[in-house]
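K.L.:
Here it is, the structure in full.
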Amino acid sequence: MSKPSLYGYTLNELKALLSPSFRAKQIYHWLYHHYECDVLCMNNISKNMQDFIQTHFSISQIEPICIEQSRDGSRKYLFQTRDGHSFESVLIQMRQETEHKSEKWTMCLSSQIGCKVGCAFCFTAKGGFVRNLSAAEIVEQVVAMKRHAQIPPHKRVNIVFMGMGEPLDNLSNVAQAIKILSELEGLSIAARRQTISTSGIAPKIKTLGELNLGVQLAISLHAVDDNLRSRLMPINRAYNIADVLAEVRKFPVDTRKRVMFEYLVIKGVNDDLASAKKLLSLLNGIRAKVNLILFNPHKGSAFERPQMSDVKAFADFLIKKGLLCTIRESKGLDISAACGQLREKIESSTALKQPQSYKIPSRVDMKSVDSINVSQETFIES
Ligand code: SAH
Ligand code: SF4
């Protein structure tokens, strides 16, 4: 059994484990403000405490083994776990609106290795389900990306659970990670800046609401009638559109926020105006925002990317009727953008079997980070 990682504890839990308890706050600062993952480098921590931690705990449990940099500033990270599995996270740099406004970052996190839900269009589904990620492995995705991209501790970061896996199928670990990510002495990412995206496990939407974490909810709807939705997303046979929307209507939504509905637009499948009309009536009475996502084709997929003109007509219809609707900017399209694609690319090459001996500095260090080249050529052996 490997030792539990310090990234898996809330501040209060760590205080209860360490004596004197003020050490917990100091360690939190090292972990989340300095991105330090070697306890021996935490130089205000006593030798005894360092020994205690080394005996009973670990820190880092995942390692980036491949990083792809997109021309638009997005980066896709492939992480390897201690037990030899891999999964992905994406760091998205949002556009700078003005010269004075600094950049914003969104991190797309994985909650599982693989996924049990098995959606027909999703690349992650192809590899089946391997295991849940622990709370520590979820939190460490954020620390590793902040460290590697040199994002200073105080910079605003948004989190979306839209990487690999179904977060509501791993709710206890995801909920624990959300609490740790929002700790003020740590990463301080407010729960309202964290979004859980779900394929619609209705009873778990209810549980999530009852937990009152304050997170945002996104529903992957993708179809407006049950026949089509069941074909695209087998989960719909257990919890259909009406079941999901009934839970959404009861979900506690921050008064400043809306429930996001993701609608994957697939050519000739769900891109017609009749579907837009039905979507409008389904969402009647819900403080909703629709996000149209253009299907991202991948190897072996039976579906096609829609025409932009059809997507625009779909969006225009909803907007004219007063629904908030955006077309999701396809960030990182020049890298393996849809979830699961980077993993596939690497696993089908030799890179995972012979990992690059690549180490990121444990602390933000301008000079050494400069020398890290994240271009595709460096990290991918295809
Ligand atoms: N399991 C959760 C969260 C992870 S999937 C869910 O399904 O909501 C995150 C989003 O990526 C979902 O909206 C999913 O439908 C979308 N997605 C999956 N495969 C895609 C593809 N090939 N192209 C574009 N989006 C895709
Ligand atoms: Fe799982 Fe989401 Fe992919 Fe469906 S879209 S298989 S729920 S990760």
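Each chain in the structure tokens gets a letter, A, B, ..., in the order shown, and its residues are numbered from 1; ligands are numbered from 1 in order too.
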Neighbours of ligand 1 at 8 Å or closer, counting only C-alpha atoms and all ligand atoms: which residues, as number ranges by chain?
P.N.:
A: 110, 115, 117, 119, 121-124, 161-167, 196-200, 218-222, 262-264, 293-298, 338-339
K.L.:
Name the residues in contact with range 272-283 of chain A at a cut-off of 6 Å, using only C-alpha atoms, excluding same-chain residues fewer than 2 positions from it; report them as a VMD selection string.
P.N.:
chain A and resid 224 270 286 314
K.L.:
Could you pull out the helix (DSSP H, G or I) residues of range 47-184 of chain A, going by DSSP on the backbone, and write them as an NGL selection string?
P.N.:
:A and (47-56 or 123-126 or 135-148 or 167-181)
K.L.:
Looking at only C-alpha atoms, which of A:Ala238, A:Gly186, A:Val90, A:His85 is the one that sits closest to Val130 in chain A?
P.N.:
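Using only C-alpha atoms, the shortest distance to Val130 in chain A belongs to A:His85.
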K.L.:
Could you pull the residues within 12 Å of Ser46 in chain A, counting only C-alpha atoms, minus those fewer than 4 positions along the same chain, as JSON, numbers by chain?
P.N.:
{"A": [19, 20, 23, 26, 27, 39, 40, 41, 42, 50, 51, 52, 53]}
K.L.:
Write a file of the selected residues as a PDB file, in the first residue's frame, keeping N, CA, C and O atoms.
P.N.:
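As a result, result.pdb now contains:
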```pdb
ATOM      1  N   SER A  19       0.986  17.418  14.852  1.00  0.00           N
ATOM      2  CA  SER A  19       1.105  18.151  16.109  1.00  0.00           C
ATOM      3  C   SER A  19       2.510  18.771  16.164  1.00  0.00           C
ATOM      4  O   SER A  19       3.486  18.054  15.954  1.00  0.00           O
ATOM      5  N   PRO A  20       2.690  20.043  16.420  1.00  0.00           N
ATOM      6  CA  PRO A  20       1.663  21.047  16.635  1.00  0.00           C
ATOM      7  C   PRO A  20       0.907  21.368  15.344  1.00  0.00           C
ATOM      8  O   PRO A  20       1.471  21.311  14.260  1.00  0.00           O
ATOM      9  N   ARG A  23       1.713  23.610  12.090  1.00  0.00           N
ATOM     10  CA  ARG A  23       2.552  23.088  10.990  1.00  0.00           C
ATOM     11  C   ARG A  23       1.713  22.819   9.734  1.00  0.00           C
ATOM     12  O   ARG A  23       2.201  22.909   8.623  1.00  0.00           O
ATOM     13  N   GLN A  26       1.619  25.797   7.592  1.00  0.00           N
ATOM     14  CA  GLN A  26       2.914  26.016   6.917  1.00  0.00           C
ATOM     15  C   GLN A  26       3.071  25.034   5.746  1.00  0.00           C
ATOM     16  O   GLN A  26       3.508  25.404   4.658  1.00  0.00           O
ATOM     17  N   ILE A  27       2.692  23.789   6.013  1.00  0.00           N
ATOM     18  CA  ILE A  27       2.827  22.783   4.941  1.00  0.00           C
ATOM     19  C   ILE A  27       1.883  23.122   3.789  1.00  0.00           C
ATOM     20  O   ILE A  27       2.253  23.015   2.614  1.00  0.00           O
ATOM     21  N   VAL A  39       9.436  17.278   1.028  1.00  0.00           N
ATOM     22  CA  VAL A  39       9.297  17.794   2.394  1.00  0.00           C
ATOM     23  C   VAL A  39      10.635  18.273   2.958  1.00  0.00           C
ATOM     24  O   VAL A  39      10.684  19.185   3.786  1.00  0.00           O
ATOM     25  N   LEU A  40      11.735  17.715   2.463  1.00  0.00           N
ATOM     26  CA  LEU A  40      13.053  18.121   2.962  1.00  0.00           C
ATOM     27  C   LEU A  40      13.403  19.549   2.527  1.00  0.00           C
ATOM     28  O   LEU A  40      14.289  20.184   3.084  1.00  0.00           O
ATOM     29  N   CYS A  41      12.702  20.049   1.507  1.00  0.00           N
ATOM     30  CA  CYS A  41      12.945  21.437   1.063  1.00  0.00           C
ATOM     31  C   CYS A  41      12.072  22.436   1.815  1.00  0.00           C
ATOM     32  O   CYS A  41      12.180  23.640   1.600  1.00  0.00           O
ATOM     33  N   MET A  42      11.189  21.952   2.654  1.00  0.00           N
ATOM     34  CA  MET A  42      10.317  22.864   3.413  1.00  0.00           C
ATOM     35  C   MET A  42      11.124  23.334   4.629  1.00  0.00           C
ATOM     36  O   MET A  42      11.102  22.713   5.685  1.00  0.00           O
ATOM     37  N   GLN A  50       9.550  16.707   9.531  1.00  0.00           N
ATOM     38  CA  GLN A  50       9.893  16.197   8.195  1.00  0.00           C
ATOM     39  C   GLN A  50       9.985  14.670   8.222  1.00  0.00           C
ATOM     40  O   GLN A  50       9.471  13.987   7.334  1.00  0.00           O
ATOM     41  N   ASP A  51      10.630  14.137   9.268  1.00  0.00           N
ATOM     42  CA  ASP A  51      10.760  12.672   9.387  1.00  0.00           C
ATOM     43  C   ASP A  51       9.390  12.015   9.523  1.00  0.00           C
ATOM     44  O   ASP A  51       9.107  10.996   8.895  1.00  0.00           O
ATOM     45  N   PHE A  52       8.543  12.636  10.357  1.00  0.00           N
ATOM     46  CA  PHE A  52       7.200  12.094  10.584  1.00  0.00           C
ATOM     47  C   PHE A  52       6.442  12.023   9.250  1.00  0.00           C
ATOM     48  O   PHE A  52       5.824  11.012   8.907  1.00  0.00           O
ATOM     49  N   ILE A  53       6.541  13.121   8.491  1.00  0.00           N
ATOM     50  CA  ILE A  53       5.821  13.159   7.207  1.00  0.00           C
ATOM     51  C   ILE A  53       6.393  12.111   6.251  1.00  0.00           C
ATOM     52  O   ILE A  53       5.647  11.374   5.609  1.00  0.00           O
TER      53      ILE A  53
END
```
K.L.:
Nearest residue to ligand 2 out of A:Ser2, A:Ser172, A:Gln61, A:Ser230, using only C-alpha atoms and all ligand atoms?
P.N.:
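The shortest atom-to-atom distance to ligand 2 comes from A:Ser230.
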K.L.:
Determine the nearest neighbour of Phe261 in chain A from the options A:Leu109, A:Leu324, A:Ala302, A:Ala246, counting only C-alpha atoms.
P.N.:
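Comparing A:Leu109, A:Leu324, A:Ala302, A:Ala246 against Phe261 in chain A, the winner is A:Leu324.
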K.L.:
Measure the distance from CA of Ile45 in chain A to CA of Ser60 in chain A in Å and round it to one decimal.
P.N.:
18.1 Å
K.L.:
Using only C-alpha atoms and all ligand atoms, pick whichever of A:Asn284, A:Gln80, A:Ser70, A:Ser111 has the shortest atom-to-atom distance to ligand 2.
P.N.:
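Under the stated criterion, the closest residue is A:Ser111.
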K.L.:
Identify all residues of range 226-285 of chain A in strand (DSSP E or B) (DSSP on the backbone) and supply them as a count of residues only.
P.N.:
7
K.L.:
Would you pick out the contacts of Glu140 in chain A at 10 Å or less, using only C-alpha atoms, so that residues sharing its chain but fewer than 3 positions from it are not included, and give the list as a PDB file with N, CA, C and O atoms, in the first residue's frame?
P.N.:
```
ATOM      1  N   SER A   5      -1.280  10.635   0.209  1.00  0.00           N
ATOM      2  CA  SER A   5      -0.654  11.901  -0.190  1.00  0.00           C
ATOM      3  C   SER A   5      -1.194  13.066   0.630  1.00  0.00           C
ATOM      4  O   SER A   5      -2.397  13.134   0.923  1.00  0.00           O
ATOM      5  N   LEU A   6      -0.319  14.013   0.928  1.00  0.00           N
ATOM      6  CA  LEU A   6      -0.748  15.226   1.647  1.00  0.00           C
ATOM      7  C   LEU A   6      -1.778  16.022   0.847  1.00  0.00           C
ATOM      8  O   LEU A   6      -2.558  16.786   1.404  1.00  0.00           O
ATOM      9  N   TYR A   7      -1.788  15.850  -0.491  1.00  0.00           N
ATOM     10  CA  TYR A   7      -2.755  16.592  -1.311  1.00  0.00           C
ATOM     11  C   TYR A   7      -4.201  16.141  -1.059  1.00  0.00           C
ATOM     12  O   TYR A   7      -5.131  16.759  -1.549  1.00  0.00           O
ATOM     13  N   GLY A   8      -4.374  15.052  -0.321  1.00  0.00           N
ATOM     14  CA  GLY A   8      -5.721  14.510  -0.129  1.00  0.00           C
ATOM     15  C   GLY A   8      -6.433  15.041   1.105  1.00  0.00           C
ATOM     16  O   GLY A   8      -7.542  14.607   1.405  1.00  0.00           O
ATOM     17  N   LEU A  31       2.908  23.485  -0.085  1.00  0.00           N
ATOM     18  CA  LEU A  31       2.297  22.669  -1.145  1.00  0.00           C
ATOM     19  C   LEU A  31       1.622  23.522  -2.209  1.00  0.00           C
ATOM     20  O   LEU A  31       1.765  23.264  -3.410  1.00  0.00           O
ATOM     21  N   TYR A  32       0.883  24.542  -1.767  1.00  0.00           N
ATOM     22  CA  TYR A  32      -0.020  25.237  -2.691  1.00  0.00           C
ATOM     23  C   TYR A  32       0.422  26.648  -3.085  1.00  0.00           C
ATOM     24  O   TYR A  32      -0.112  27.203  -4.041  1.00  0.00           O
ATOM     25  N   TYR A  35       4.345  25.237  -4.524  1.00  0.00           N
ATOM     26  CA  TYR A  35       4.262  24.021  -5.340  1.00  0.00           C
ATOM     27  C   TYR A  35       5.402  23.052  -5.001  1.00  0.00           C
ATOM     28  O   TYR A  35       5.935  22.359  -5.872  1.00  0.00           O
ATOM     29  N   ILE A  59       3.812  12.788  -1.113  1.00  0.00           N
ATOM     30  CA  ILE A  59       3.265  14.049  -1.649  1.00  0.00           C
ATOM     31  C   ILE A  59       2.844  13.786  -3.090  1.00  0.00           C
ATOM     32  O   ILE A  59       1.689  13.526  -3.371  1.00  0.00           O
ATOM     33  N   SER A  60       3.802  13.788  -4.011  1.00  0.00           N
ATOM     34  CA  SER A  60       3.442  13.655  -5.421  1.00  0.00           C
ATOM     35  C   SER A  60       3.058  12.212  -5.770  1.00  0.00           C
ATOM     36  O   SER A  60       3.735  11.264  -5.380  1.00  0.00           O
ATOM     37  N   GLN A  61       1.948  12.067  -6.491  1.00  0.00           N
ATOM     38  CA  GLN A  61       1.505  10.723  -6.895  1.00  0.00           C
ATOM     39  C   GLN A  61       1.312  10.594  -8.400  1.00  0.00           C
ATOM     40  O   GLN A  61       1.044   9.516  -8.887  1.00  0.00           O
ATOM     41  N   ILE A  62       1.394  11.709  -9.094  1.00  0.00           N
ATOM     42  CA  ILE A  62       1.247  11.635 -10.551  1.00  0.00           C
ATOM     43  C   ILE A  62       2.402  12.403 -11.198  1.00  0.00           C
ATOM     44  O   ILE A  62       2.943  13.336 -10.611  1.00  0.00           O
ATOM     45  N   GLU A  63       2.740  11.984 -12.401  1.00  0.00           N
ATOM     46  CA  GLU A  63       3.873  12.624 -13.075  1.00  0.00           C
ATOM     47  C   GLU A  63       3.492  12.952 -14.516  1.00  0.00           C
ATOM     48  O   GLU A  63       2.919  12.094 -15.205  1.00  0.00           O
ATOM     49  N   SER A 134      -8.104   9.372  -7.006  1.00  0.00           N
ATOM     50  CA  SER A 134      -8.263   9.768  -5.606  1.00  0.00           C
ATOM     51  C   SER A 134      -8.402  11.293  -5.546  1.00  0.00           C
ATOM     52  O   SER A 134      -8.063  11.998  -6.510  1.00  0.00           O
ATOM     53  N   ALA A 135      -8.855  11.795  -4.393  1.00  0.00           N
ATOM     54  CA  ALA A 135      -8.936  13.250  -4.226  1.00  0.00           C
ATOM     55  C   ALA A 135      -7.551  13.866  -4.427  1.00  0.00           C
ATOM     56  O   ALA A 135      -7.407  14.912  -5.078  1.00  0.00           O
ATOM     57  N   ALA A 136      -6.515  13.215  -3.896  1.00  0.00           N
ATOM     58  CA  ALA A 136      -5.151  13.746  -4.027  1.00  0.00           C
ATOM     59  C   ALA A 136      -4.724  13.819  -5.495  1.00  0.00           C
ATOM     60  O   ALA A 136      -4.115  14.806  -5.924  1.00  0.00           O
ATOM     61  N   GLU A 137      -5.059  12.782  -6.266  1.00  0.00           N
ATOM     62  CA  GLU A 137      -4.684  12.797  -7.693  1.00  0.00           C
ATOM     63  C   GLU A 137      -5.447  13.887  -8.450  1.00  0.00           C
ATOM     64  O   GLU A 137      -4.930  14.429  -9.434  1.00  0.00           O
ATOM     65  N   VAL A 143      -2.031  21.487  -9.114  1.00  0.00           N
ATOM     66  CA  VAL A 143      -0.711  21.927  -8.643  1.00  0.00           C
ATOM     67  C   VAL A 143       0.330  21.713  -9.754  1.00  0.00           C
ATOM     68  O   VAL A 143       1.134  22.608 -10.041  1.00  0.00           O
ATOM     69  N   ALA A 144       0.284  20.567 -10.387  1.00  0.00           N
ATOM     70  CA  ALA A 144       1.294  20.256 -11.413  1.00  0.00           C
ATOM     71  C   ALA A 144       1.190  21.213 -12.594  1.00  0.00           C
ATOM     72  O   ALA A 144       2.205  21.664 -13.136  1.00  0.00           O
ATOM     73  N   MET A 145      -0.042  21.558 -12.990  1.00  0.00           N
ATOM     74  CA  MET A 145      -0.187  22.480 -14.125  1.00  0.00           C
ATOM     75  C   MET A 145       0.212  23.900 -13.726  1.00  0.00           C
ATOM     76  O   MET A 145       0.851  24.605 -14.501  1.00  0.00           O
ATOM     77  N   LYS A 146      -0.140  24.314 -12.499  1.00  0.00           N
ATOM     78  CA  LYS A 146       0.263  25.660 -12.057  1.00  0.00           C
ATOM     79  C   LYS A 146       1.776  25.758 -11.989  1.00  0.00           C
ATOM     80  O   LYS A 146       2.376  26.749 -12.394  1.00  0.00           O
ATOM     81  N   ALA A 177     -11.996  16.706  -3.219  1.00  0.00           N
ATOM     82  CA  ALA A 177     -11.052  17.530  -3.996  1.00  0.00           C
ATOM     83  C   ALA A 177     -11.557  18.971  -4.091  1.00  0.00           C
ATOM     84  O   ALA A 177     -10.777  19.923  -3.953  1.00  0.00           O
ATOM     85  N   LEU A 181      -9.434  22.139  -2.986  1.00  0.00           N
ATOM     86  CA  LEU A 181      -9.103  23.187  -3.970  1.00  0.00           C
ATOM     87  C   LEU A 181      -9.591  24.556  -3.507  1.00  0.00           C
ATOM     88  O   LEU A 181      -8.999  25.581  -3.851  1.00  0.00           O
TER      89      LEU A 181
END
```
K.L.:
Figure out the distance between CA of Leu292 in chain A and CA of Ala120 in chain A, please, to one decimal in Å.
P.N.:
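Taking CA of Ala120 in chain A and CA of Leu292 in chain A, their separation equals 17.8 Å.
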K.L.:
Name the closest residue to ligand 2 among the candidates A:Asn48, A:Asn170, A:Ser74, A:Gln69; distances are taken between atoms, counting only C-alpha atoms and all ligand atoms.
P.N.:
A:Asn170
